[in-house]
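A.B. asks: After the structure tokens below, expect a handful of questions from me.
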Amino acid sequence: MAGRVVTITSGKGGVGKTTLTANLGAALAMRGQRVVVIDADVGLRNLDVMLGLENRIVYDLVDVIEGRCRLRQGLVRHKQLPELYLLPAAQTRDKSAVQPEDMVRICDELRGDHDIVLIDSPAGIEQGFRYAMEPADEIIIVTNPEVSAARDADRVIGLIEAEEKSPARLVINRLEPSMVSKGHMLGVADVVELLAIDLIGVVPEDSNALIAANRGQPLALSNNRSRAGHAFHNIAGRLLGEEVPFEPLREPRVFERLLRFVSPERS
Amino acid sequence: MGFLDRLFSRHEPPSGRVAKDRLRLVLTQDRAGISPALLETLKDEIITVISRHVDVDVQCVQVSVTQSGRESSLVADIPLRHRQGVREG
Ligand SMILES: Nc1ncnc2c1ncn2[C@@H]1O[C@H](COP(=O)(O)OP(=O)(O)OP(=O)(O)O)[C@@H](O)[C@H]1O
Ligand SMILES: [Mg+2]
């Protein structure tokens with residue numbers, strides 16, 4: 001069966017697209033999927049750093065497009081996960097170097113040898129968003145539980161509807177259950193009700209995300225499974241069609257924190 | 001937040017609720033491309049057209065955009081004045 005292409009986009013910048021792409025890529029590869037993650041944010045390359053692969057890059061997306069190397073040569077294999085590959089963005093070029101047809105051609109070639117291609121879209125709704133959307137079979141929209149991020153997500157949902165792409169699914173990232181219960185943050189139900197699209201996952205605010213980014217080691221890879229890491233694995237399962245129930249998010253209780261402290265292998 | 005601020009802001013709705021109401025409003029406007037100003041214009045023109053034929057209770061007319069899922073509709077509530085009350089003889 002030919003691989004699926006899933007584009008991860010958001011409208012607003014900085015809501016967690018690259019974090020989600022890196023973690024979903026890792027979680028899917030850990031489930032035995034053959035995965036390629038494409039950094040489509042040409043000029044603002046980031047996915048390589050999130051995955052700890054910045055020192056292994058020889059060629060990039062634009063080199064592939066302009067024929068300076070073959071597609072296979074542009075792929076960088078992950079250090080621990082042999083079934084996870086990165087196609088990095090060019091850092092010294094801008095988004096005009098990529099056309100929607102280029103992305104379609106590259107993805108069609110990748111579908112043959114891989115189960116899932118994840119595209120990390122740039123923020124915004126301009127050229128970069130357009131070429132990242134073009135090859136998508138499925139779309140994941142990332143938002144934060146805030147008015148501005150949700151508003152921009154809605155704009156993107158509208159554009160996707162107009163393109164007659166299959167309906168997008170939503171990830172709510174950086175939810176803080178304690179803020180929601182105090183009434184100071186939009187809850188999952190609020191966002192889902194107003195955006196009126198299906199939910200594929202909720203990722204809590206988790207300071208481990210910064211530590212993971214510092215180390216270039218996606219949370220999903222860690223044995224000592226963090227709350228966000230657990231959420232990324234749930235999303236990976238749902239993407240593969242598993243029935244993963246939505247657990248109510250809550251603050252870890254004090255004894256759970258202690259347990260995690262004394263036995264870090266507990267997940 | 002100081003003690004006094006807390007005391008006086010006690011009756012404000014929680015900010016999450018405010019966020020939800022504001023989000024609902026901007027989404028309604030964005031999706032339909034109808035700003036509050038355009039809504040006012042529509043209301044005035046609707047009143048003008050309808051008043052040519054029937055007596056409208058102008059103060060009570062309401063024009064708004066409602067959402068059902070991702071679909072928007074324009075809803076006008078136009079109460080009419082009863083004939084006898086207005087026209088003598
Ligand atoms: N669940 C989370 N908890 C805490 N921090 C997070 C979480 N998700 C993302 N972050 C942090 O938010 C920041 C932005 O994340 P990221 O780079 O993934 O966003 P992005 O949508 O790709 O941004 P851009 O639009 O610039 O490409 C990063 O510093 C990341 O570590
Ligand atoms: Mg990014």
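If you're wondering about the labels, chains in the structure tokens are A, B, ... by order shown, residues count from 1 in each chain, ligands from 1 in order shown.
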Report as an MDAnalysis selection string all protein, DNA and RNA residues lying within 10 Å of segment 52-58 of chain B, evaluated on only C-alpha atoms, omitting residues in the same chain fewer than 5 positions from it.
C.D. replies: chainID B and resid 43:44 47 78:83 86
A.B. asks: Taking only C-alpha atoms and all ligand atoms into account, which residues are within 7 Å of ligand 2, as an MDAnalysis selection string?
C.D. replies: chainID A and resid 14 16:18 41 46 120 122
A.B. asks: Excluding same-chain residues fewer than 5 positions from segment 165-176 of chain A, what lies within 7 Å of it counting only C-alpha atoms, as a ChimeraX atom specification?
C.D. replies: /A:16,138-145,160,197-205
A.B. asks: Near Glu83 of chain A, counting only C-alpha atoms, which residues have an atom at most 12 Å away, once you skip same-chain residues fewer than 2 positions from it, shown as JSON, numbers by chain?
C.D. replies: {"A": [25, 26, 27, 28, 29, 30, 31, 32, 33, 34, 35, 36, 37, 75, 76, 77, 78, 79, 80, 81, 85, 86, 113, 114, 115, 116, 117]}
A.B. asks: To test your reading of the structure, identify every residue in chain B that backbone DSSP assigns to strand (DSSP E), and report it as a ChimeraX atom specification.
C.D. replies: /B:62-68,71-77
A.B. asks: Once you have the residues from the selection above, write them out as a tab-separated table (two decimals), in the first residue's frame, restricted to N, CA and C atoms.
C.D. replies:
chain	number	residue	atom	x	y	z
B	62	GLN	N	-33.49	43.11	15.35
B	62	GLN	CA	-32.17	42.54	15.63
B	62	GLN	C	-31.67	41.78	14.42
B	63	VAL	N	-30.45	42.10	13.99
B	63	VAL	CA	-29.85	41.36	12.88
B	63	VAL	C	-28.53	40.78	13.39
B	64	SER	N	-28.36	39.47	13.22
B	64	SER	CA	-27.14	38.84	13.74
B	64	SER	C	-26.74	37.67	12.86
B	65	VAL	N	-25.52	37.21	13.06
B	65	VAL	CA	-25.05	36.01	12.36
B	65	VAL	C	-25.01	34.88	13.37
B	66	THR	N	-25.61	33.75	13.03
B	66	THR	CA	-25.54	32.60	13.93
B	66	THR	C	-24.76	31.48	13.26
B	67	GLN	N	-24.23	30.58	14.09
B	67	GLN	CA	-23.41	29.49	13.60
B	67	GLN	C	-24.07	28.17	13.94
B	68	SER	N	-24.02	27.27	12.94
B	68	SER	CA	-24.39	25.90	13.25
B	68	SER	C	-23.28	25.04	12.69
B	71	GLU	N	-21.28	26.32	9.56
B	71	GLU	CA	-22.14	27.08	8.66
B	71	GLU	C	-22.63	28.35	9.35
B	72	SER	N	-22.69	29.44	8.60
B	72	SER	CA	-23.20	30.68	9.17
B	72	SER	C	-24.53	31.03	8.52
B	73	SER	N	-25.45	31.62	9.29
B	73	SER	CA	-26.62	32.22	8.65
B	73	SER	C	-26.92	33.58	9.25
B	74	LEU	N	-27.48	34.42	8.39
B	74	LEU	CA	-27.87	35.75	8.81
B	74	LEU	C	-29.29	35.65	9.33
B	75	VAL	N	-29.50	36.10	10.55
B	75	VAL	CA	-30.84	36.01	11.14
B	75	VAL	C	-31.34	37.41	11.46
B	76	ALA	N	-32.53	37.72	10.94
B	76	ALA	CA	-33.13	39.02	11.24
B	76	ALA	C	-34.42	38.80	12.02
B	77	ASP	N	-34.52	39.45	13.15
B	77	ASP	CA	-35.74	39.38	13.94
B	77	ASP	C	-36.39	40.76	13.83
A.B. asks: Could you write out as an MDAnalysis selection string the residues of chain B within 9 Å of chain A, counting only C-alpha atoms?
C.D. replies: chainID B and resid 13:17 19:20 22:24 26:27 30:31 69:70
A.B. asks: Using N, CA, C and O atoms, can you write the selected residues to a file as a PDB file, in the first residue's frame?
C.D. replies:
ATOM      1  N   PRO B  13     -16.361  37.826  35.212  1.00  0.00           N
ATOM      2  CA  PRO B  13     -16.383  36.414  34.822  1.00  0.00           C
ATOM      3  C   PRO B  13     -14.948  35.921  34.653  1.00  0.00           C
ATOM      4  O   PRO B  13     -14.062  36.707  34.352  1.00  0.00           O
ATOM      5  N   PRO B  14     -14.709  34.593  34.844  1.00  0.00           N
ATOM      6  CA  PRO B  14     -13.356  34.060  34.672  1.00  0.00           C
ATOM      7  C   PRO B  14     -12.866  34.315  33.240  1.00  0.00           C
ATOM      8  O   PRO B  14     -13.660  34.322  32.300  1.00  0.00           O
ATOM      9  N   SER B  15     -11.553  34.532  33.080  1.00  0.00           N
ATOM     10  CA  SER B  15     -11.032  34.954  31.780  1.00  0.00           C
ATOM     11  C   SER B  15     -11.238  33.887  30.705  1.00  0.00           C
ATOM     12  O   SER B  15     -11.316  34.193  29.523  1.00  0.00           O
ATOM     13  N   GLY B  16     -11.332  32.612  31.107  1.00  0.00           N
ATOM     14  CA  GLY B  16     -11.588  31.554  30.129  1.00  0.00           C
ATOM     15  C   GLY B  16     -12.945  31.739  29.447  1.00  0.00           C
ATOM     16  O   GLY B  16     -13.079  31.509  28.247  1.00  0.00           O
ATOM     17  N   ARG B  17     -13.933  32.165  30.233  1.00  0.00           N
ATOM     18  CA  ARG B  17     -15.270  32.414  29.658  1.00  0.00           C
ATOM     19  C   ARG B  17     -15.233  33.602  28.713  1.00  0.00           C
ATOM     20  O   ARG B  17     -15.816  33.577  27.628  1.00  0.00           O
ATOM     21  N   ALA B  19     -12.669  34.607  27.090  1.00  0.00           N
ATOM     22  CA  ALA B  19     -11.955  34.155  25.887  1.00  0.00           C
ATOM     23  C   ALA B  19     -12.917  33.421  24.955  1.00  0.00           C
ATOM     24  O   ALA B  19     -12.910  33.637  23.741  1.00  0.00           O
ATOM     25  N   LYS B  20     -13.754  32.571  25.521  1.00  0.00           N
ATOM     26  CA  LYS B  20     -14.669  31.794  24.683  1.00  0.00           C
ATOM     27  C   LYS B  20     -15.655  32.712  23.958  1.00  0.00           C
ATOM     28  O   LYS B  20     -15.907  32.553  22.760  1.00  0.00           O
ATOM     29  N   ARG B  22     -15.276  35.892  23.258  1.00  0.00           N
ATOM     30  CA  ARG B  22     -14.584  36.707  22.246  1.00  0.00           C
ATOM     31  C   ARG B  22     -14.220  35.867  21.036  1.00  0.00           C
ATOM     32  O   ARG B  22     -14.334  36.313  19.899  1.00  0.00           O
ATOM     33  N   LEU B  23     -13.789  34.627  21.285  1.00  0.00           N
ATOM     34  CA  LEU B  23     -13.441  33.750  20.164  1.00  0.00           C
ATOM     35  C   LEU B  23     -14.677  33.478  19.308  1.00  0.00           C
ATOM     36  O   LEU B  23     -14.632  33.561  18.080  1.00  0.00           O
ATOM     37  N   ARG B  24     -15.787  33.207  19.962  1.00  0.00           N
ATOM     38  CA  ARG B  24     -17.019  32.945  19.219  1.00  0.00           C
ATOM     39  C   ARG B  24     -17.353  34.133  18.305  1.00  0.00           C
ATOM     40  O   ARG B  24     -17.681  33.967  17.134  1.00  0.00           O
ATOM     41  N   VAL B  26     -15.282  36.611  17.122  1.00  0.00           N
ATOM     42  CA  VAL B  26     -14.372  36.836  15.979  1.00  0.00           C
ATOM     43  C   VAL B  26     -14.550  35.752  14.918  1.00  0.00           C
ATOM     44  O   VAL B  26     -14.487  36.041  13.717  1.00  0.00           O
ATOM     45  N   LEU B  27     -14.820  34.527  15.345  1.00  0.00           N
ATOM     46  CA  LEU B  27     -14.995  33.460  14.352  1.00  0.00           C
ATOM     47  C   LEU B  27     -16.234  33.719  13.508  1.00  0.00           C
ATOM     48  O   LEU B  27     -16.231  33.532  12.288  1.00  0.00           O
ATOM     49  N   ASP B  30     -15.251  36.494  11.134  1.00  0.00           N
ATOM     50  CA  ASP B  30     -14.264  36.068  10.130  1.00  0.00           C
ATOM     51  C   ASP B  30     -14.911  35.151   9.092  1.00  0.00           C
ATOM     52  O   ASP B  30     -14.676  35.292   7.897  1.00  0.00           O
ATOM     53  N   ARG B  31     -15.689  34.182   9.553  1.00  0.00           N
ATOM     54  CA  ARG B  31     -16.213  33.174   8.633  1.00  0.00           C
ATOM     55  C   ARG B  31     -17.174  33.789   7.636  1.00  0.00           C
ATOM     56  O   ARG B  31     -17.152  33.470   6.457  1.00  0.00           O
ATOM     57  N   GLY B  69     -22.449  24.464  13.577  1.00  0.00           N
ATOM     58  CA  GLY B  69     -21.208  23.832  13.132  1.00  0.00           C
ATOM     59  C   GLY B  69     -20.344  24.904  12.509  1.00  0.00           C
ATOM     60  O   GLY B  69     -20.065  25.903  13.140  1.00  0.00           O
ATOM     61  N   ARG B  70     -19.931  24.704  11.250  1.00  0.00           N
ATOM     62  CA  ARG B  70     -19.126  25.715  10.574  1.00  0.00           C
ATOM     63  C   ARG B  70     -19.953  26.539   9.587  1.00  0.00           C
ATOM     64  O   ARG B  70     -19.409  27.341   8.840  1.00  0.00           O
TER      65      ARG B  70
END
A.B. asks: Which distance in Å separates atom CA of Glu161 of chain A and atom CA of Ser121 of chain A, to one decimal?
C.D. replies: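 According to the coordinates, atom CA of Glu161 of chain A and atom CA of Ser121 of chain A are separated by 17.5 Å.
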A.B. asks: Need the shell around Asp39 of chain A: protein/DNA/RNA residues with any atom at most 10 Å away, counting only C-alpha atoms. Skip same-chain ones fewer than 4 positions apart. Format as a list in words?
C.D. replies: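 In the requested form, the answer reads Thr18, Thr21, Ala22, Leu44, Arg45, Asn46, Leu47, Asp48, Asp60, Leu61, Leu86, Leu87, Pro88, Ala89, Ala90, Leu118, Ile119, Asp120, Ser121, Pro122 and Ala132 of chain A.
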A.B. asks: Grab the residues selected above and save them as an mmCIF file, in the first residue's frame with N, CA, C and O atoms.
C.D. replies:
data_model
loop_
_atom_site.group_PDB
_atom_site.id
_atom_site.type_symbol
_atom_site.label_atom_id
_atom_site.label_comp_id
_atom_site.auth_asym_id
_atom_site.auth_seq_id
_atom_site.Cartn_x
_atom_site.Cartn_y
_atom_site.Cartn_z
ATOM 1 N N THR A 18 6.457 22.066 14.780
ATOM 2 C CA THR A 18 7.718 21.339 14.624
ATOM 3 C C THR A 18 7.886 20.325 15.755
ATOM 4 O O THR A 18 8.309 19.189 15.529
ATOM 5 N N THR A 21 5.632 17.443 14.852
ATOM 6 C CA THR A 21 6.157 16.652 13.739
ATOM 7 C C THR A 21 7.287 15.738 14.213
ATOM 8 O O THR A 21 7.301 14.540 13.892
ATOM 9 N N ALA A 22 8.225 16.294 15.001
ATOM 10 C CA ALA A 22 9.363 15.506 15.476
ATOM 11 C C ALA A 22 8.884 14.346 16.348
ATOM 12 O O ALA A 22 9.317 13.200 16.187
ATOM 13 N N LEU A 44 13.907 28.844 7.486
ATOM 14 C CA LEU A 44 13.845 28.815 8.956
ATOM 15 C C LEU A 44 13.882 27.361 9.435
ATOM 16 O O LEU A 44 12.993 26.886 10.120
ATOM 17 N N ARG A 45 14.920 26.670 9.020
ATOM 18 C CA ARG A 45 15.092 25.245 9.310
ATOM 19 C C ARG A 45 15.129 24.997 10.827
ATOM 20 O O ARG A 45 15.849 25.674 11.551
ATOM 21 N N ASN A 46 14.350 24.069 11.310
ATOM 22 C CA ASN A 46 14.248 23.774 12.753
ATOM 23 C C ASN A 46 14.111 22.302 13.091
ATOM 24 O O ASN A 46 14.533 21.863 14.153
ATOM 25 N N LEU A 47 13.490 21.563 12.194
ATOM 26 C CA LEU A 47 13.176 20.164 12.512
ATOM 27 C C LEU A 47 14.459 19.355 12.734
ATOM 28 O O LEU A 47 14.485 18.442 13.562
ATOM 29 N N ASP A 48 15.529 19.715 12.023
ATOM 30 C CA ASP A 48 16.814 19.019 12.198
ATOM 31 C C ASP A 48 17.305 19.142 13.643
ATOM 32 O O ASP A 48 17.766 18.184 14.251
ATOM 33 N N ASP A 60 19.659 19.256 1.067
ATOM 34 C CA ASP A 60 18.367 19.668 1.615
ATOM 35 C C ASP A 60 17.281 19.606 0.542
ATOM 36 O O ASP A 60 17.551 19.229 -0.604
ATOM 37 N N LEU A 61 16.075 20.014 0.966
ATOM 38 C CA LEU A 61 14.900 19.957 0.093
ATOM 39 C C LEU A 61 15.131 20.675 -1.236
ATOM 40 O O LEU A 61 14.785 20.154 -2.311
ATOM 41 N N LEU A 86 14.749 12.246 7.860
ATOM 42 C CA LEU A 86 14.445 13.681 7.757
ATOM 43 C C LEU A 86 14.865 14.181 6.380
ATOM 44 O O LEU A 86 15.977 13.893 5.923
ATOM 45 N N LEU A 87 13.971 14.933 5.736
ATOM 46 C CA LEU A 87 14.380 15.717 4.573
ATOM 47 C C LEU A 87 14.438 17.169 5.036
ATOM 48 O O LEU A 87 13.409 17.803 5.256
ATOM 49 N N PRO A 88 15.647 17.705 5.248
ATOM 50 C CA PRO A 88 15.769 19.032 5.864
ATOM 51 C C PRO A 88 15.403 20.161 4.909
ATOM 52 O O PRO A 88 15.474 20.012 3.694
ATOM 53 N N ALA A 89 15.051 21.291 5.495
ATOM 54 C CA ALA A 89 14.799 22.503 4.705
ATOM 55 C C ALA A 89 16.133 23.137 4.355
ATOM 56 O O ALA A 89 17.128 22.936 5.036
ATOM 57 N N ALA A 90 16.127 23.922 3.277
ATOM 58 C CA ALA A 90 17.306 24.730 2.963
ATOM 59 C C ALA A 90 17.302 25.918 3.911
ATOM 60 O O ALA A 90 16.251 26.469 4.213
ATOM 61 N N LEU A 118 5.415 12.923 6.931
ATOM 62 C CA LEU A 118 4.879 14.050 7.705
ATOM 63 C C LEU A 118 5.524 15.327 7.187
ATOM 64 O O LEU A 118 6.753 15.399 7.069
ATOM 65 N N ILE A 119 4.711 16.327 6.882
ATOM 66 C CA ILE A 119 5.258 17.607 6.414
ATOM 67 C C ILE A 119 5.050 18.659 7.489
ATOM 68 O O ILE A 119 3.920 18.929 7.901
ATOM 69 N N ASP A 120 6.153 19.250 7.948
ATOM 70 C CA ASP A 120 6.107 20.331 8.937
ATOM 71 C C ASP A 120 5.958 21.638 8.162
ATOM 72 O O ASP A 120 6.900 22.128 7.561
ATOM 73 N N SER A 121 4.744 22.176 8.164
ATOM 74 C CA SER A 121 4.442 23.372 7.377
ATOM 75 C C SER A 121 4.992 24.623 8.053
ATOM 76 O O SER A 121 5.066 24.695 9.275
ATOM 77 N N PRO A 122 5.360 25.626 7.252
ATOM 78 C CA PRO A 122 5.680 26.914 7.864
ATOM 79 C C PRO A 122 4.400 27.559 8.405
ATOM 80 O O PRO A 122 3.301 27.196 8.002
ATOM 81 N N ALA A 132 3.097 23.234 1.218
ATOM 82 C CA ALA A 132 3.032 22.159 2.219
ATOM 83 C C ALA A 132 1.690 21.421 2.155
ATOM 84 O O ALA A 132 1.603 20.234 2.436
#
A.B. asks: To test your reading of the structure, identify every residue in segment 42-121 of chain A that backbone DSSP assigns to helix (DSSP H, G or I), and report it as an MDAnalysis selection string.
C.D. replies: chainID A and resid 47:50 54:56 61:65 71:74 95:97 100:113
A.B. asks: Which residue out of A:Leu20, A:Val188, A:Val5, A:Val49 has the minimum interatomic distance to Arg215 of chain A when only C-alpha atoms are used?
C.D. replies: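 Looking only at the distances to Arg215 of chain A, the closest residue turns out to be A:Val49.
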